[in-house]
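Chemist: Below you'll find the structure I mean.
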Amino acid sequence: MSAFTLEDLKAVMRSAAGEDESLNLDGDILGVDFAALGYDSLALMEAASRLQRDLGVELPEEEVADAATPAAFLTLVNDRLAEAGTAR
Amino acid sequence: MTAVVTGIGVAAPTGLGVEEFWAGTLKGASAIGPITRFDASGYPVGLAGEISGFDAAAQIPGRLLPQTDRVTQLALAATGWGLADADVDPARFGEFDMGVVTAGSIGGFEFGQRELQALWRDGPEHVSVYQSFAWFYAVNTGQISIRHGMRGPTGVLVTEQAGGLDALAQARRRVRAGTGLVVSGGMEAPLCPWGVAAHVRNGGLSRSRDRDRAFLPFDADAGGHVIGEGGAMLIVEDAGRARERGAPHVYGEIAGYCATFDPPGGTRLAEAITGALDDAGVDPSGIGAVFADASGVPSLDLVEADAIRRVFGKRSTPVPVTAPKTMFGRLSSGGGPVDVAAALLALRDGVVPPTVNVGDLAPGCELDLVREARPVPLSAALVIARGHHGFNSALVVRSAA
């Protein structure tokens, strides 16, 4: 099972919630707050909703809301993917 | 306190931006044509006033594209143009000193249709979180407020085609009560399968497929109207404060307004017109042009012609009447603000824009219809807008002192 990467996350954020032209997502953004990247809680909910469908994992709203940075979000998604893999 | 319009943002089938719109309107170039935004071949109507050449991605922030319907993208673009025209930097106003009052009649129908299709085809987990607000009548007010940090008085009026004038009247109230600036107007984008189906059910639409014969208000051959997309956002400020900050334009004053509601089987349109003139303190002889509601439904045309005659009949010369909407169709809540924009530009340039395509007038509709751009020295104009099921609104604009 392949891991969910920062590039995957950027792709889903751009598609689900657009991109703030005044910011650059291509730098080192792993530890940057989503708010500083122009993404609010709705943007994260929309992205999480798409990932739940596309990856077949469950991403509870409270845990998505607690993931303040891309690094935390990647950890959340990859943990869920690993659990799903183990369960299978 | 005097509420004046200091900026105009128009998105109409006849032009994007105030000067392109006005140049096209004075030329009388119709933008009514076959519906191309979707396959309308199965519909009983085939014509509309479509906006072409609008590039949302070039006009609004990328973050807003996935969460907005076309109607909101148009409203945000028009607001940006209006603020630029007024040379307003929102950062120089207090955030609670700026408000937003718009009118809507269907909200973000195309967005809503797409999400409902996803709901029934794929299930609830396929519905966007943005559906929670993107379809809603209030969405334009909300998105404009958020984008520009305008946290003062806000509101939404839903009275179909009358709504755009009702919103401007509310903007005037807020400015008179002390708010520094109000973005106000109306916008519509009904040209999707669901939107057109809803308008067909509402009735009054022309079944004609001839773009030059489909929308003929006051004409002996009138057979309903054509719908269009678009509207206008106006920047409304207090005259004194606009002068203090050095606003580059003062297009005119929102001088008078009145709204009435028809009783069953009757009409109160003339009372709305008289009320707006009284509110403005203008005699019928002081009105240089009437921008008619121009339904295109013969019985409603007769009511409007009769009301105009009752109010203006004692003048020594007939009042010039025009309906630029014959070039782009009825815009629901966007229609009144576009007519107000045209009326303000008519005051500025001393020329009344034309009504196109109308031929012989129907018996009872013998008005002085302006058929080619007509130079008229005018200092005040009347705009009439009627919403389905009995809403009447009338608004007077006057050259600023």
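So you can find residues: chains in the structure tokens are A, B, ... in the order shown, residues in each start at 1, and ligands are numbered from 1 in order.
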Applying 10 Å and only C-alpha atoms, which residues near segment 27-36 of chain A remain after dropping the ones on its own chain fewer than 3 positions away? List them as a list in words.
Modeler: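 Result of the neighbour search: Leu6, Leu23, Asn24, Tyr39, Asp40, Ser41, Ala43, Leu44, Ala67, Ala68, Thr69, Pro70, Ala71, Ala72, Phe73 and Leu74 of chain A.
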Chemist: With a cut-off of 8 Å and counting only C-alpha atoms, select all residues of chain A in contact with chain B and give the selection as a list in words.
Modeler: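 On the chain A side, the interface is Ser15, Ala16, Ala17, Gly18, Glu19, Asp20, Glu21, Gly38, Leu42, Met45, Glu46, Ser49, Arg50 and Arg53 of chain A.
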Chemist: Please produce a file of the residues just selected, as an mmCIF file, in the first residue's frame, where the atoms kept are all heavy atoms.
Modeler:
data_model
loop_
_atom_site.group_PDB
_atom_site.id
_atom_site.type_symbol
_atom_site.label_atom_id
_atom_site.label_comp_id
_atom_site.auth_asym_id
_atom_site.auth_seq_id
_atom_site.Cartn_x
_atom_site.Cartn_y
_atom_site.Cartn_z
ATOM 1 N N SER A 15 -7.772 20.927 -5.700
ATOM 2 C CA SER A 15 -8.997 20.548 -6.401
ATOM 3 C C SER A 15 -10.244 20.824 -5.554
ATOM 4 O O SER A 15 -11.243 21.327 -6.048
ATOM 5 C CB SER A 15 -8.897 19.070 -6.776
ATOM 6 O OG SER A 15 -10.165 18.505 -6.888
ATOM 7 N N ALA A 16 -10.171 20.528 -4.269
ATOM 8 C CA ALA A 16 -11.356 20.650 -3.414
ATOM 9 C C ALA A 16 -11.597 22.082 -2.949
ATOM 10 O O ALA A 16 -12.736 22.497 -2.776
ATOM 11 C CB ALA A 16 -11.215 19.745 -2.190
ATOM 12 N N ALA A 17 -10.517 22.823 -2.753
ATOM 13 C CA ALA A 17 -10.680 24.117 -2.092
ATOM 14 C C ALA A 17 -9.948 25.253 -2.794
ATOM 15 O O ALA A 17 -9.918 26.373 -2.302
ATOM 16 C CB ALA A 17 -10.193 24.019 -0.644
ATOM 17 N N GLY A 18 -9.354 24.988 -3.954
ATOM 18 C CA GLY A 18 -8.675 26.060 -4.674
ATOM 19 C C GLY A 18 -7.344 26.407 -4.045
ATOM 20 O O GLY A 18 -6.869 25.735 -3.120
ATOM 21 N N GLU A 19 -6.758 27.471 -4.566
ATOM 22 C CA GLU A 19 -5.426 27.852 -4.103
ATOM 23 C C GLU A 19 -5.323 29.366 -4.013
ATOM 24 O O GLU A 19 -5.742 30.076 -4.914
ATOM 25 C CB GLU A 19 -4.383 27.314 -5.108
ATOM 26 C CG GLU A 19 -2.953 27.566 -4.687
ATOM 27 C CD GLU A 19 -1.955 26.875 -5.632
ATOM 28 O OE1 GLU A 19 -2.400 26.302 -6.651
ATOM 29 O OE2 GLU A 19 -0.751 26.945 -5.354
ATOM 30 N N ASP A 20 -4.774 29.836 -2.923
ATOM 31 C CA ASP A 20 -4.583 31.274 -2.733
ATOM 32 C C ASP A 20 -3.380 31.717 -3.563
ATOM 33 O O ASP A 20 -2.251 31.275 -3.324
ATOM 34 C CB ASP A 20 -4.341 31.547 -1.245
ATOM 35 C CG ASP A 20 -4.330 33.041 -0.932
ATOM 36 O OD1 ASP A 20 -3.850 33.809 -1.789
ATOM 37 O OD2 ASP A 20 -4.792 33.417 0.145
ATOM 38 N N GLU A 21 -3.644 32.603 -4.553
ATOM 39 C CA GLU A 21 -2.576 33.010 -5.473
ATOM 40 C C GLU A 21 -1.431 33.728 -4.758
ATOM 41 O O GLU A 21 -0.308 33.789 -5.266
ATOM 42 C CB GLU A 21 -3.109 33.949 -6.562
ATOM 43 C CG GLU A 21 -4.108 33.332 -7.521
ATOM 44 C CD GLU A 21 -5.530 33.348 -6.999
ATOM 45 O OE1 GLU A 21 -5.725 33.667 -5.811
ATOM 46 O OE2 GLU A 21 -6.437 33.021 -7.788
ATOM 47 N N GLY A 38 -3.985 29.599 3.767
ATOM 48 C CA GLY A 38 -5.226 30.084 3.158
ATOM 49 C C GLY A 38 -6.387 29.106 3.270
ATOM 50 O O GLY A 38 -7.431 29.317 2.670
ATOM 51 N N LEU A 42 -13.587 24.623 6.619
ATOM 52 C CA LEU A 42 -14.446 24.063 5.571
ATOM 53 C C LEU A 42 -13.613 23.460 4.449
ATOM 54 O O LEU A 42 -13.949 22.421 3.888
ATOM 55 C CB LEU A 42 -15.356 25.149 4.997
ATOM 56 C CG LEU A 42 -16.663 25.421 5.702
ATOM 57 C CD1 LEU A 42 -17.435 26.493 4.940
ATOM 58 C CD2 LEU A 42 -17.507 24.158 5.806
ATOM 59 N N MET A 45 -12.519 20.151 5.596
ATOM 60 C CA MET A 45 -13.634 19.187 5.576
ATOM 61 C C MET A 45 -13.908 18.705 4.163
ATOM 62 O O MET A 45 -14.176 17.521 3.917
ATOM 63 C CB MET A 45 -14.903 19.842 6.143
ATOM 64 C CG MET A 45 -14.991 19.824 7.656
ATOM 65 S SD MET A 45 -16.462 20.734 8.212
ATOM 66 C CE MET A 45 -17.773 19.697 7.568
ATOM 67 N N GLU A 46 -13.872 19.640 3.208
ATOM 68 C CA GLU A 46 -14.142 19.264 1.821
ATOM 69 C C GLU A 46 -13.057 18.307 1.314
ATOM 70 O O GLU A 46 -13.346 17.310 0.657
ATOM 71 C CB GLU A 46 -14.211 20.528 0.948
ATOM 72 C CG GLU A 46 -14.492 20.274 -0.526
ATOM 73 C CD GLU A 46 -15.940 19.860 -0.821
ATOM 74 O OE1 GLU A 46 -16.754 19.829 0.109
ATOM 75 O OE2 GLU A 46 -16.219 19.543 -1.984
ATOM 76 N N SER A 49 -13.494 14.936 2.957
ATOM 77 C CA SER A 49 -14.639 14.229 2.401
ATOM 78 C C SER A 49 -14.247 13.524 1.094
ATOM 79 O O SER A 49 -14.617 12.384 0.847
ATOM 80 C CB SER A 49 -15.766 15.245 2.178
ATOM 81 O OG SER A 49 -16.715 14.750 1.285
ATOM 82 N N ARG A 50 -13.465 14.206 0.276
ATOM 83 C CA ARG A 50 -13.026 13.583 -0.987
ATOM 84 C C ARG A 50 -12.083 12.417 -0.723
ATOM 85 O O ARG A 50 -12.154 11.388 -1.387
ATOM 86 C CB ARG A 50 -12.329 14.618 -1.860
ATOM 87 C CG ARG A 50 -13.301 15.671 -2.349
ATOM 88 C CD ARG A 50 -12.732 16.445 -3.493
ATOM 89 N NE ARG A 50 -13.616 17.572 -3.786
ATOM 90 C CZ ARG A 50 -13.554 18.274 -4.904
ATOM 91 N NH1 ARG A 50 -12.651 17.974 -5.819
ATOM 92 N NH2 ARG A 50 -14.377 19.267 -5.108
ATOM 93 N N ARG A 53 -13.817 9.240 0.279
ATOM 94 C CA ARG A 53 -14.387 8.531 -0.876
ATOM 95 C C ARG A 53 -13.298 7.869 -1.703
ATOM 96 O O ARG A 53 -13.396 6.710 -2.093
ATOM 97 C CB ARG A 53 -15.153 9.518 -1.757
ATOM 98 C CG ARG A 53 -16.330 10.125 -1.047
ATOM 99 C CD ARG A 53 -17.232 10.961 -1.929
ATOM 100 N NE ARG A 53 -16.591 11.778 -2.928
ATOM 101 C CZ ARG A 53 -16.693 13.117 -2.982
ATOM 102 N NH1 ARG A 53 -17.359 13.758 -2.046
ATOM 103 N NH2 ARG A 53 -16.131 13.772 -3.958
#
Chemist: Please identify all polymer residues within 9 Å of Val356 of chain B, counting only C-alpha atoms, omitting same-chain residues fewer than 6 positions from it, and present them as an MDAnalysis selection string.
Modeler: chainID B and resid 28:30 212 216 323:327 370:372
Chemist: Just want the 12 Å neighbourhood of Phe111 of chain B, counted on only C-alpha atoms, with same-chain residues fewer than 2 positions away dropped. Output as a count of residues only.
Modeler: 37
Chemist: Between atom CA of Gly223 of chain B and atom CA of His388 of chain B, what is the distance, to one decimal in Å?
Modeler: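 It comes out at 16.6 Å.
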Chemist: Measuring atom to atom with only C-alpha atoms, identify which of A:Asp26, A:Glu58, A:Glu7, A:Asp66 is nearest to Ala84 of chain A.
Modeler: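 Between A:Asp26, A:Glu58, A:Glu7, A:Asp66, the residue approaching Ala84 of chain A most closely is A:Glu58.
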Chemist: What does the structure give for the distance between atom CA of Val175 of chain B and atom CA of Asp238 of chain B, in Å to one decimal?
Modeler: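 Atom CA of Asp238 of chain B lies at a distance of 6.0 Å from atom CA of Val175 of chain B.
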Chemist: Between atom CA of Pro34 of chain B and atom CA of Ala103 of chain B, measure the distance and give it in Å to one decimal.
Modeler: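 So the two atoms, atom CA of Pro34 of chain B and atom CA of Ala103 of chain B, lie 26.7 Å apart.
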Chemist: Write down as a VMD selection string the residues of segment 164-331 of chain B whose backbone DSSP state falls under strand (DSSP E).
Modeler: chain B and resid 181 to 188 230 to 238 252 to 261 289 to 291 320 to 322
Chemist: For those residues, write N, CA, C and O atoms to a file as a compact mmCIF listing (two decimals), in the first residue's frame.
Modeler:
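As written to disk, again-v4.txt reads:
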# COMPACT_ATOMS: atom_id res chain seq x y z
N LEU B 181 -20.49 53.07 3.90
CA LEU B 181 -20.51 52.56 2.53
C LEU B 181 -21.31 51.26 2.51
O LEU B 181 -21.15 50.42 3.40
N VAL B 182 -22.16 51.12 1.50
CA VAL B 182 -22.90 49.86 1.34
C VAL B 182 -22.76 49.39 -0.10
O VAL B 182 -23.00 50.16 -1.04
N VAL B 183 -22.34 48.14 -0.26
CA VAL B 183 -22.35 47.51 -1.57
C VAL B 183 -23.75 46.95 -1.77
O VAL B 183 -24.25 46.21 -0.92
N SER B 184 -24.39 47.31 -2.88
CA SER B 184 -25.79 46.92 -3.04
C SER B 184 -26.15 46.69 -4.50
O SER B 184 -25.68 47.40 -5.39
N GLY B 185 -27.02 45.72 -4.71
CA GLY B 185 -27.49 45.43 -6.07
C GLY B 185 -28.07 44.04 -6.12
O GLY B 185 -28.56 43.52 -5.12
N GLY B 186 -28.01 43.45 -7.29
CA GLY B 186 -28.53 42.09 -7.46
C GLY B 186 -27.85 41.42 -8.62
O GLY B 186 -27.33 42.09 -9.52
N MET B 187 -27.80 40.09 -8.55
CA MET B 187 -27.14 39.31 -9.60
C MET B 187 -27.90 38.01 -9.77
O MET B 187 -28.41 37.47 -8.79
N GLU B 188 -27.95 37.51 -10.99
CA GLU B 188 -28.62 36.23 -11.23
C GLU B 188 -27.86 35.43 -12.28
O GLU B 188 -27.25 36.01 -13.19
N GLY B 230 -27.05 38.01 -15.14
CA GLY B 230 -26.28 39.22 -14.88
C GLY B 230 -26.93 40.12 -13.85
O GLY B 230 -27.90 39.73 -13.19
N GLY B 231 -26.40 41.30 -13.72
CA GLY B 231 -26.90 42.26 -12.75
C GLY B 231 -25.88 43.36 -12.54
O GLY B 231 -24.96 43.54 -13.35
N ALA B 232 -26.04 44.07 -11.45
CA ALA B 232 -25.10 45.16 -11.16
C ALA B 232 -24.93 45.30 -9.66
O ALA B 232 -25.84 44.99 -8.89
N MET B 233 -23.72 45.70 -9.27
CA MET B 233 -23.44 46.03 -7.87
C MET B 233 -23.03 47.50 -7.82
O MET B 233 -22.12 47.93 -8.54
N LEU B 234 -23.72 48.26 -6.97
CA LEU B 234 -23.46 49.69 -6.87
C LEU B 234 -22.83 50.00 -5.51
O LEU B 234 -23.11 49.32 -4.52
N ILE B 235 -22.00 51.01 -5.49
CA ILE B 235 -21.39 51.47 -4.24
C ILE B 235 -22.18 52.68 -3.78
O ILE B 235 -22.23 53.71 -4.49
N VAL B 236 -22.83 52.55 -2.62
CA VAL B 236 -23.69 53.61 -2.09
C VAL B 236 -23.01 54.22 -0.87
O VAL B 236 -22.59 53.51 0.05
N GLU B 237 -22.88 55.55 -0.90
CA GLU B 237 -22.23 56.26 0.21
C GLU B 237 -23.02 57.51 0.57
O GLU B 237 -23.83 57.99 -0.23
N ASP B 238 -22.73 58.07 1.71
CA ASP B 238 -23.27 59.37 2.06
C ASP B 238 -22.56 60.44 1.22
O ASP B 238 -21.32 60.39 1.06
N GLY B 252 -25.03 59.98 -8.93
CA GLY B 252 -26.33 60.54 -8.65
C GLY B 252 -26.83 60.05 -7.31
O GLY B 252 -26.21 59.20 -6.66
N GLU B 253 -27.95 60.60 -6.94
CA GLU B 253 -28.54 60.34 -5.63
C GLU B 253 -29.66 59.30 -5.77
O GLU B 253 -30.41 59.33 -6.76
N ILE B 254 -29.75 58.38 -4.82
CA ILE B 254 -30.95 57.54 -4.71
C ILE B 254 -31.96 58.41 -3.98
O ILE B 254 -31.96 58.53 -2.77
N ALA B 255 -32.81 59.07 -4.78
CA ALA B 255 -33.59 60.19 -4.24
C ALA B 255 -34.96 59.78 -3.73
O ALA B 255 -35.50 60.42 -2.83
N GLY B 256 -35.54 58.74 -4.31
CA GLY B 256 -36.88 58.36 -3.89
C GLY B 256 -37.14 56.89 -4.12
O GLY B 256 -36.53 56.27 -5.01
N TYR B 257 -38.02 56.34 -3.30
CA TYR B 257 -38.33 54.91 -3.42
C TYR B 257 -39.68 54.65 -2.81
O TYR B 257 -40.07 55.27 -1.82
N CYS B 258 -40.39 53.72 -3.41
CA CYS B 258 -41.63 53.24 -2.79
C CYS B 258 -41.90 51.83 -3.30
O CYS B 258 -41.59 51.51 -4.44
N ALA B 259 -42.44 50.99 -2.44
CA ALA B 259 -42.84 49.64 -2.83
C ALA B 259 -44.30 49.43 -2.45
O ALA B 259 -44.75 49.92 -1.41
N THR B 260 -45.02 48.73 -3.30
CA THR B 260 -46.40 48.36 -3.00
C THR B 260 -46.60 46.90 -3.35
O THR B 260 -45.77 46.30 -4.04
N PHE B 261 -47.73 46.35 -2.90
CA PHE B 261 -48.05 44.97 -3.22
C PHE B 261 -49.46 44.92 -3.78
O PHE B 261 -50.38 45.54 -3.22
N ALA B 289 -36.79 60.50 -17.81
CA ALA B 289 -36.95 59.22 -18.48
C ALA B 289 -37.47 58.19 -17.49
O ALA B 289 -37.16 58.25 -16.30
N VAL B 290 -38.27 57.26 -18.02
CA VAL B 290 -38.76 56.13 -17.22
C VAL B 290 -38.13 54.86 -17.77
O VAL B 290 -38.23 54.57 -18.96
N PHE B 291 -37.44 54.12 -16.89
CA PHE B 291 -36.92 52.80 -17.26
C PHE B 291 -37.98 51.79 -16.83
O PHE B 291 -38.14 51.51 -15.65
N PRO B 320 -40.46 60.27 -21.82
CA PRO B 320 -39.76 59.22 -22.57
C PRO B 320 -39.67 57.93 -21.73
O PRO B 320 -39.31 57.98 -20.55
N VAL B 321 -40.01 56.82 -22.34
CA VAL B 321 -39.99 55.51 -21.66
C VAL B 321 -39.03 54.60 -22.42
O VAL B 321 -39.04 54.59 -23.66
N THR B 322 -38.21 53.87 -21.68
CA THR B 322 -37.29 52.96 -22.36
C THR B 322 -37.17 51.63 -21.61
O THR B 322 -37.51 51.54 -20.42
Chemist: Measuring atom to atom with only C-alpha atoms, identify which of B:Ala23, B:Ile308, B:Leu331, B:Leu344 is nearest to Ile384 of chain B.
Modeler: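 Of the candidates, the smallest distance to Ile384 of chain B is held by B:Ile308.
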Chemist: I'd like the neighbourhood of Leu269 of chain B as number ranges by chain, where a residue qualifies if any of its atoms comes within 10 Å (using only C-alpha atoms), though same-chain residues fewer than 4 positions away should be ignored.
Modeler: B: 258-262, 273-275, 303-304, 306-308, 384-386, 390-394
Chemist: Could you check which of B:Asp293, B:Gly99, B:Asp210, B:Glu20 is closest to Gly155 of chain B, using only C-alpha atoms?
Modeler: B:Gly99
Chemist: My list of candidates is A:Thr75, A:Leu37, A:Leu81, A:Met13. Which is closest to Leu55 of chain A when distances are computed with only C-alpha atoms?
Modeler: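 The closest residue to Leu55 of chain A is A:Leu81.
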Chemist: Could you check the closest approach to Gly180 of chain B for each of B:Val282, B:Ala11, B:Ala3, B:Ala31 and tell me which residue wins, using only C-alpha atoms?
Modeler: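 The shortest atom-to-atom distance to Gly180 of chain B comes from B:Ala3.
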Chemist: Using backbone DSSP assignments, extract all alpha helix (DSSP H) residues from segment 207-354 of chain B; output them as number ranges by chain.
Modeler: B: 239-244, 269-280, 298-312, 335-349
